[in-house]
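Following: one structure in structure tokens, then a few remarks.
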Amino acid sequence: MKLVDKGVEGLLEKVQAFYKALREPFVARDEEVEALTLALMAREHVILIGEPGTAKSAIARRAAELINARFFKYLLTKYTEPSELFGPLDLNALHEGKYVRITKGKMPEAEIVFLDEVFNANSAVLNALLSIMQERIWYDGYTEIHVPLWTLIGATNRVPEEPELEAIYDRFLIRQYAKPVPENKWSELLDAGWRIESGKVPPAEPVLDMNTLMQVHKLVFNVDLSQVKPKLLRLYAIFEERGIHLTDRRKTKALKVVAAHALLEGRIVAQEKDLVALKYVAPRDIEDFEKVHIILSEELKMPERFIKELNDIRANVRETYHLVDTMRSYDPRLVDLFRSLKIAKSRILNILKETDNQSVKKLAEQTLEEIDKLLEKISYKLGI
């Protein structure tokens, strides 16, 4: 869809340029980049869940550099004192009977904040974070201080189970499971890592500023969502039936993420395919990410989603083909590979039933041929 308003087009071109620049140096991090971009557009907070070394802090820092935003980063532990985040008391002012903190370079002055291992914080820090995330207000003693925080990016290697952490976890509207780079991307990962280590990646040049981001955020509320609301309500009902519960707050705020997705695609009218953004809102536990992916694939039946899934399967099949060549007939891994390929084949057959798109059908049939050849090769080695 071509946007009539040239001013709007210009804004969205800048956002798309930001997304492209943020994604550029990272391998297999498209979803993490999209999740953070949508969070910034919606002025919401995002949590990246995954083991250390999955580029979480690097993505956060680059995002701040590309926006030229004031950035604050900190690793939280149960021993982290509020003064480490909010600044120490000004002792000179205290001698004069004034309660003042030195906040320069600290969290109260930051527009984008990255907190690593956010759920390790103690209750004093967590209580302060709750009001900052929800109201953008920091309560320092009896003083209310409005902070310029735009988006808080949290990182963790676990989903919190403690009841006292539920409130702060719910404040992260957008959630993304940052998995390790898959094997078929390892070669690209090594090349990209070498460029970074050797200093050959140029520093990030700003492509946005906070004023432009504010204009984009206002535009989110001008997106026409009328076409997608019936399907959205159906998806909420399906999630609930499948044991994936969204709080009332998340159900409502998800509209902003759907609208932001439409804008990122260059449209001011949301379409059903924009509901794919619910993959960042609906999951709670790690297992939920896969459940939500399956539900959205079934319900939205988008060719783009099927093509991506088929390409991933095809890449894994080709990697496996080379692996099988190196394996001896008594290698127990052959049986596991055989079973995995049967499951992949079953999934592709289901895709063929679900789609009428000719491009998807052609790719699915080509992938099936490759799987059948590999199954035949494994069967020969196993003697079956």
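Every chain in the structure tokens takes a letter, A first, then B, and so on in the order presented; its residues are numbered from 1, and the ligands are numbered from 1 following the presented order.
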
Which residues in segment 40-136 of chain A does DSSP call helix (DSSP H, G or I)? List them as a PyMOL selection string. chain A and resi 40-42+56-67+82-86+91-95+107-109+118-120+123-135

Include N, CA and C atoms and write out the residues we just selected as a CSV table (one decimal), in the first residue's frame.
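Output below, filename selection_29.csv:
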```
chain,number,residue,atom,x,y,z
A,40,LEU,N,10.5,-0.1,20.5
A,40,LEU,CA,10.8,1.4,20.5
A,40,LEU,C,9.7,2.2,19.8
A,41,MET,N,9.1,1.6,18.8
A,41,MET,CA,8.0,2.3,18.1
A,41,MET,C,6.8,2.4,19.0
A,42,ALA,N,6.5,1.4,19.8
A,42,ALA,CA,5.3,1.4,20.7
A,42,ALA,C,5.6,2.0,22.0
A,56,LYS,N,22.6,-10.0,23.1
A,56,LYS,CA,21.6,-9.2,23.7
A,56,LYS,C,22.0,-7.8,24.0
A,57,SER,N,23.1,-7.6,24.7
A,57,SER,CA,23.6,-6.3,25.1
A,57,SER,C,24.1,-5.6,23.8
A,58,ALA,N,24.7,-6.3,22.9
A,58,ALA,CA,25.2,-5.6,21.7
A,58,ALA,C,24.1,-5.0,20.9
A,59,ILE,N,23.0,-5.7,20.8
A,59,ILE,CA,21.8,-5.2,20.0
A,59,ILE,C,21.3,-4.0,20.7
A,60,ALA,N,21.2,-4.0,22.0
A,60,ALA,CA,20.7,-2.9,22.8
A,60,ALA,C,21.6,-1.6,22.6
A,61,ARG,N,22.9,-1.8,22.7
A,61,ARG,CA,23.8,-0.7,22.6
A,61,ARG,C,23.7,-0.1,21.2
A,62,ARG,N,23.7,-1.0,20.2
A,62,ARG,CA,23.7,-0.5,18.8
A,62,ARG,C,22.4,0.3,18.6
A,63,ALA,N,21.3,-0.2,19.1
A,63,ALA,CA,20.0,0.6,18.9
A,63,ALA,C,20.1,2.0,19.5
A,64,ALA,N,20.7,2.1,20.7
A,64,ALA,CA,20.8,3.4,21.3
A,64,ALA,C,21.8,4.3,20.4
A,65,GLU,N,22.8,3.7,19.9
A,65,GLU,CA,23.7,4.5,19.0
A,65,GLU,C,23.0,5.0,17.7
A,66,LEU,N,22.2,4.1,17.2
A,66,LEU,CA,21.5,4.5,15.9
A,66,LEU,C,20.5,5.5,16.1
A,67,ILE,N,20.0,5.7,17.3
A,67,ILE,CA,19.0,6.7,17.7
A,67,ILE,C,19.7,8.0,18.3
A,82,PRO,N,20.5,0.7,45.2
A,82,PRO,CA,19.8,1.7,44.3
A,82,PRO,C,20.8,2.8,43.9
A,83,SER,N,21.8,3.1,44.7
A,83,SER,CA,22.7,4.2,44.3
A,83,SER,C,23.5,3.9,43.1
A,84,GLU,N,23.7,2.6,42.8
A,84,GLU,CA,24.5,2.2,41.6
A,84,GLU,C,23.7,2.5,40.4
A,85,LEU,N,22.4,2.5,40.4
A,85,LEU,CA,21.5,2.8,39.3
A,85,LEU,C,21.1,4.2,39.2
A,86,PHE,N,20.8,4.8,40.4
A,86,PHE,CA,20.2,6.1,40.4
A,86,PHE,C,21.1,7.2,40.8
A,91,LEU,N,26.8,14.6,49.0
A,91,LEU,CA,27.1,14.9,50.4
A,91,LEU,C,27.2,16.3,50.7
A,92,ASN,N,27.6,17.2,49.8
A,92,ASN,CA,27.6,18.6,50.1
A,92,ASN,C,26.2,19.2,50.3
A,93,ALA,N,25.3,18.7,49.4
A,93,ALA,CA,23.9,19.1,49.6
A,93,ALA,C,23.3,18.5,50.9
A,94,LEU,N,23.7,17.3,51.2
A,94,LEU,CA,23.2,16.7,52.5
A,94,LEU,C,23.6,17.5,53.7
A,95,HIS,N,24.9,18.0,53.7
A,95,HIS,CA,25.3,18.9,54.8
A,95,HIS,C,24.5,20.1,54.9
A,107,MET,N,20.8,6.0,35.5
A,107,MET,CA,19.6,5.5,34.9
A,107,MET,C,18.5,6.7,34.8
A,108,PRO,N,18.4,7.6,35.8
A,108,PRO,CA,17.3,8.6,35.7
A,108,PRO,C,17.5,9.5,34.6
A,109,GLU,N,18.7,9.6,33.9
A,109,GLU,CA,18.8,10.5,32.8
A,109,GLU,C,18.8,9.8,31.5
A,118,VAL,N,18.1,-9.0,34.9
A,118,VAL,CA,17.2,-8.0,35.6
A,118,VAL,C,16.4,-8.7,36.7
A,119,PHE,N,16.2,-10.0,36.7
A,119,PHE,CA,15.4,-10.6,37.7
A,119,PHE,C,16.2,-11.0,38.9
A,120,ASN,N,17.5,-10.7,38.9
A,120,ASN,CA,18.4,-10.9,40.0
A,120,ASN,C,18.4,-9.8,41.0
A,123,SER,N,14.6,-6.4,46.2
A,123,SER,CA,13.2,-5.8,46.2
A,123,SER,C,13.3,-4.3,46.2
A,124,ALA,N,14.3,-3.7,46.7
A,124,ALA,CA,14.4,-2.2,46.7
A,124,ALA,C,14.5,-1.7,45.2
A,125,VAL,N,15.4,-2.4,44.5
A,125,VAL,CA,15.6,-2.0,43.1
A,125,VAL,C,14.3,-2.4,42.2
A,126,LEU,N,13.8,-3.6,42.5
A,126,LEU,CA,12.6,-4.0,41.7
A,126,LEU,C,11.4,-3.0,41.9
A,127,ASN,N,11.2,-2.6,43.2
A,127,ASN,CA,10.1,-1.7,43.4
A,127,ASN,C,10.3,-0.4,42.7
A,128,ALA,N,11.5,0.1,42.6
A,128,ALA,CA,11.8,1.4,41.9
A,128,ALA,C,11.6,1.2,40.4
A,129,LEU,N,12.0,0.0,39.9
A,129,LEU,CA,11.8,-0.3,38.5
A,129,LEU,C,10.3,-0.3,38.1
A,130,LEU,N,9.5,-0.9,39.0
A,130,LEU,CA,8.1,-1.0,38.6
A,130,LEU,C,7.4,0.3,38.3
A,131,SER,N,7.7,1.3,39.1
A,131,SER,CA,7.1,2.7,38.9
A,131,SER,C,7.7,3.3,37.7
A,132,ILE,N,9.0,3.1,37.5
A,132,ILE,CA,9.7,3.7,36.4
A,132,ILE,C,9.2,3.2,35.1
A,133,MET,N,9.0,1.8,35.0
A,133,MET,CA,8.5,1.2,33.8
A,133,MET,C,7.1,1.5,33.5
A,134,GLN,N,6.2,1.6,34.5
A,134,GLN,CA,4.8,1.9,34.3
A,134,GLN,C,4.5,3.3,34.1
A,135,GLU,N,5.0,4.2,35.0
A,135,GLU,CA,4.6,5.6,35.0
A,135,GLU,C,5.7,6.5,34.5
```

Which residues are close to Leu48 of chain A, i.e. within 10 Å by only C-alpha atoms, leaving aside same-chain residues fewer than 3 positions away? Reply as a VMD selection string. chain A and resid 32 35 to 36 51 54 to 57 116 to 117 153 to 158 172 174 to 179

I'd like the contact shell of Lys373 of chain A - 12 Å cut-off, only C-alpha atoms, skipping same-chain residues fewer than 2 positions apart - returned as an NGL selection string. :A and (317-318 or 320-321 or 324 or 338 or 341 or 345 or 366-371 or 375-380)

With C-alpha atoms retained, could you export that selection as a PDB file, in the first residue's frame?
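This went into result-v6.pdb:
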```
ATOM      1  CA  VAL A 317      18.420 -31.178   5.644  1.00  0.00           C
ATOM      2  CA  ARG A 318      21.414 -30.127   3.557  1.00  0.00           C
ATOM      3  CA  THR A 320      22.428 -33.215   7.801  1.00  0.00           C
ATOM      4  CA  TYR A 321      23.196 -34.730   4.390  1.00  0.00           C
ATOM      5  CA  VAL A 324      25.445 -38.467   7.393  1.00  0.00           C
ATOM      6  CA  PHE A 338      15.735 -40.675  10.814  1.00  0.00           C
ATOM      7  CA  LEU A 341      13.334 -36.237   9.282  1.00  0.00           C
ATOM      8  CA  LYS A 345       8.260 -34.600   6.473  1.00  0.00           C
ATOM      9  CA  GLN A 366      11.341 -29.697  -3.511  1.00  0.00           C
ATOM     10  CA  THR A 367      12.064 -30.029   0.220  1.00  0.00           C
ATOM     11  CA  LEU A 368      10.169 -33.321   0.382  1.00  0.00           C
ATOM     12  CA  GLU A 369      12.309 -34.694  -2.455  1.00  0.00           C
ATOM     13  CA  GLU A 370      15.489 -33.798  -0.557  1.00  0.00           C
ATOM     14  CA  ILE A 371      14.155 -35.370   2.661  1.00  0.00           C
ATOM     15  CA  LEU A 375      15.881 -40.880   4.373  1.00  0.00           C
ATOM     16  CA  GLU A 376      16.879 -43.385   1.691  1.00  0.00           C
ATOM     17  CA  LYS A 377      20.564 -42.733   2.418  1.00  0.00           C
ATOM     18  CA  ILE A 378      20.070 -43.227   6.185  1.00  0.00           C
ATOM     19  CA  SER A 379      17.957 -46.359   5.601  1.00  0.00           C
ATOM     20  CA  TYR A 380      20.759 -47.839   3.521  1.00  0.00           C
TER      21      TYR A 380
END
```

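Proximity ranking of A:Lys362, A:His322, A:Arg136, A:Arg29 relative to Pro180 of chain A places A:Arg29 first, based on only C-alpha atoms.
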
With distances taken over only C-alpha atoms, which residue among A:Lys253, A:Leu275, A:Lys381, A:Ala259 lies nearest Asp331 of chain A?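 For Asp331 of chain A, the nearest of the candidates is A:Lys381.
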
For atom CA of Val159 of chain A and atom CA of Arg284 of chain A, the interatomic separation in Å (one decimal):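 Straight-line distance from atom CA of Val159 of chain A to atom CA of Arg284 of chain A works out to 7.7 Å.
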
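Closest to Lys231 of chain A among A:Val257, A:Leu278, A:Leu219, A:Leu264 is A:Leu278, based on only C-alpha atoms.
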
Would you list, as a ChimeraX atom specification, the residues of segment 33-257 of chain A that end up in strand (DSSP E or B) under DSSP run on this structure's backbone? /A:46-49,71-75,89,101,112-116,137-140,143-146,151-156,174-177,224

Atoms to include: N, CA and C atoms. Write the selected residues as a short mmCIF file (atom, residue, chain, number, x, y, z; two decimals), in the first residue's frame.
```
data_model
loop_
_atom_site.label_atom_id
_atom_site.label_comp_id
_atom_site.auth_asym_id
_atom_site.auth_seq_id
_atom_site.Cartn_x
_atom_site.Cartn_y
_atom_site.Cartn_z
N VAL A 46 11.06 -4.38 26.54
CA VAL A 46 11.31 -5.68 25.91
C VAL A 46 12.28 -6.49 26.76
N ILE A 47 12.00 -7.78 26.87
CA ILE A 47 12.89 -8.69 27.60
C ILE A 47 13.44 -9.71 26.61
N LEU A 48 14.76 -9.89 26.62
CA LEU A 48 15.42 -10.88 25.78
C LEU A 48 15.85 -12.03 26.68
N ILE A 49 15.33 -13.21 26.39
CA ILE A 49 15.56 -14.39 27.23
C ILE A 49 16.52 -15.32 26.50
N PHE A 71 22.11 6.41 26.87
CA PHE A 71 22.07 4.98 27.12
C PHE A 71 22.68 4.67 28.47
N PHE A 72 22.05 3.74 29.19
CA PHE A 72 22.57 3.27 30.47
C PHE A 72 22.50 1.76 30.50
N LYS A 73 23.60 1.13 30.93
CA LYS A 73 23.68 -0.32 30.97
C LYS A 73 24.20 -0.76 32.33
N TYR A 74 23.63 -1.85 32.88
CA TYR A 74 24.10 -2.33 34.17
C TYR A 74 23.75 -3.80 34.33
N LEU A 75 24.64 -4.53 34.99
CA LEU A 75 24.40 -5.93 35.36
C LEU A 75 23.90 -5.97 36.79
N LEU A 89 24.20 9.90 46.80
CA LEU A 89 23.75 11.15 47.42
C LEU A 89 24.83 12.21 47.30
N ARG A 101 20.44 13.58 44.72
CA ARG A 101 21.31 12.55 44.15
C ARG A 101 22.07 13.12 42.95
N ILE A 112 17.27 5.11 26.83
CA ILE A 112 17.23 3.66 26.61
C ILE A 112 18.11 3.01 27.67
N VAL A 113 17.56 2.04 28.35
CA VAL A 113 18.25 1.37 29.46
C VAL A 113 18.35 -0.12 29.16
N PHE A 114 19.52 -0.69 29.41
CA PHE A 114 19.71 -2.14 29.30
C PHE A 114 20.12 -2.67 30.66
N LEU A 115 19.30 -3.56 31.22
CA LEU A 115 19.59 -4.17 32.52
C LEU A 115 19.77 -5.67 32.33
N ASP A 116 21.00 -6.12 32.52
CA ASP A 116 21.32 -7.53 32.37
C ASP A 116 20.96 -8.29 33.65
N ILE A 137 8.08 7.38 36.34
CA ILE A 137 8.30 8.19 37.53
C ILE A 137 9.19 7.41 38.48
N TRP A 138 10.20 8.08 39.00
CA TRP A 138 11.09 7.49 40.00
C TRP A 138 10.80 8.14 41.35
N TYR A 139 10.43 7.33 42.32
CA TYR A 139 10.14 7.83 43.65
C TYR A 139 11.40 7.74 44.50
N ASP A 140 12.03 8.88 44.70
CA ASP A 140 13.25 8.94 45.50
C ASP A 140 12.89 9.55 46.85
N THR A 143 10.11 12.30 46.98
CA THR A 143 10.15 13.11 45.77
C THR A 143 9.77 12.28 44.54
N GLU A 144 8.85 12.83 43.74
CA GLU A 144 8.50 12.21 42.47
C GLU A 144 9.34 12.84 41.38
N ILE A 145 10.08 12.03 40.65
CA ILE A 145 10.94 12.55 39.59
C ILE A 145 10.55 11.88 38.27
N HIS A 146 10.11 12.69 37.31
CA HIS A 146 9.77 12.16 35.99
C HIS A 146 11.06 11.87 35.22
N THR A 151 12.47 3.23 26.51
CA THR A 151 12.34 1.77 26.49
C THR A 151 13.39 1.16 27.42
N LEU A 152 12.95 0.24 28.25
CA LEU A 152 13.86 -0.53 29.08
C LEU A 152 14.01 -1.91 28.44
N ILE A 153 15.26 -2.29 28.20
CA ILE A 153 15.57 -3.60 27.61
C ILE A 153 16.14 -4.47 28.72
N GLY A 154 15.45 -5.53 29.03
CA GLY A 154 15.93 -6.45 30.05
C GLY A 154 16.53 -7.69 29.41
N ALA A 155 17.45 -8.32 30.10
CA ALA A 155 18.03 -9.58 29.63
C ALA A 155 18.03 -10.56 30.79
N THR A 156 17.79 -11.82 30.48
CA THR A 156 17.76 -12.85 31.50
C THR A 156 18.02 -14.20 30.86
N ILE A 174 6.93 -6.92 25.38
CA ILE A 174 7.53 -7.68 24.28
C ILE A 174 8.58 -8.63 24.84
N ARG A 175 8.46 -9.90 24.45
CA ARG A 175 9.38 -10.93 24.93
C ARG A 175 9.93 -11.70 23.74
N GLN A 176 11.22 -11.96 23.77
CA GLN A 176 11.82 -12.73 22.69
C GLN A 176 12.82 -13.72 23.25
N TYR A 177 12.73 -14.94 22.78
CA TYR A 177 13.65 -16.00 23.18
C TYR A 177 14.84 -15.99 22.22
N ASP A 224 -5.16 2.04 11.31
CA ASP A 224 -6.50 1.47 11.27
C ASP A 224 -6.42 -0.02 11.60
#
```

Exercise: Val281 of chain A partners within 12 Å, only C-alpha atoms, chain neighbours under 6 positions left out, as number ranges by chain: A: 35, 38-39, 44-47, 169-177, 236, 239, 244-247, 249-258, 275, 288-289, 292-293

If you count only C-alpha atoms, which residues fall within 9 Å of segment 184-186 of chain A, apart from same-chain ones fewer than 5 positions away, as number ranges by chain? A: 27-28, 191, 312, 315-316, 318-319

Find the residues around Pro25 of chain A up to 12 Å (only C-alpha atoms counted), leave out those fewer than 3 positions away in its own chain, and share them as a ChimeraX atom specification. /A:19-22,28-30,33,55,58-59,62-63,188-196,200-204
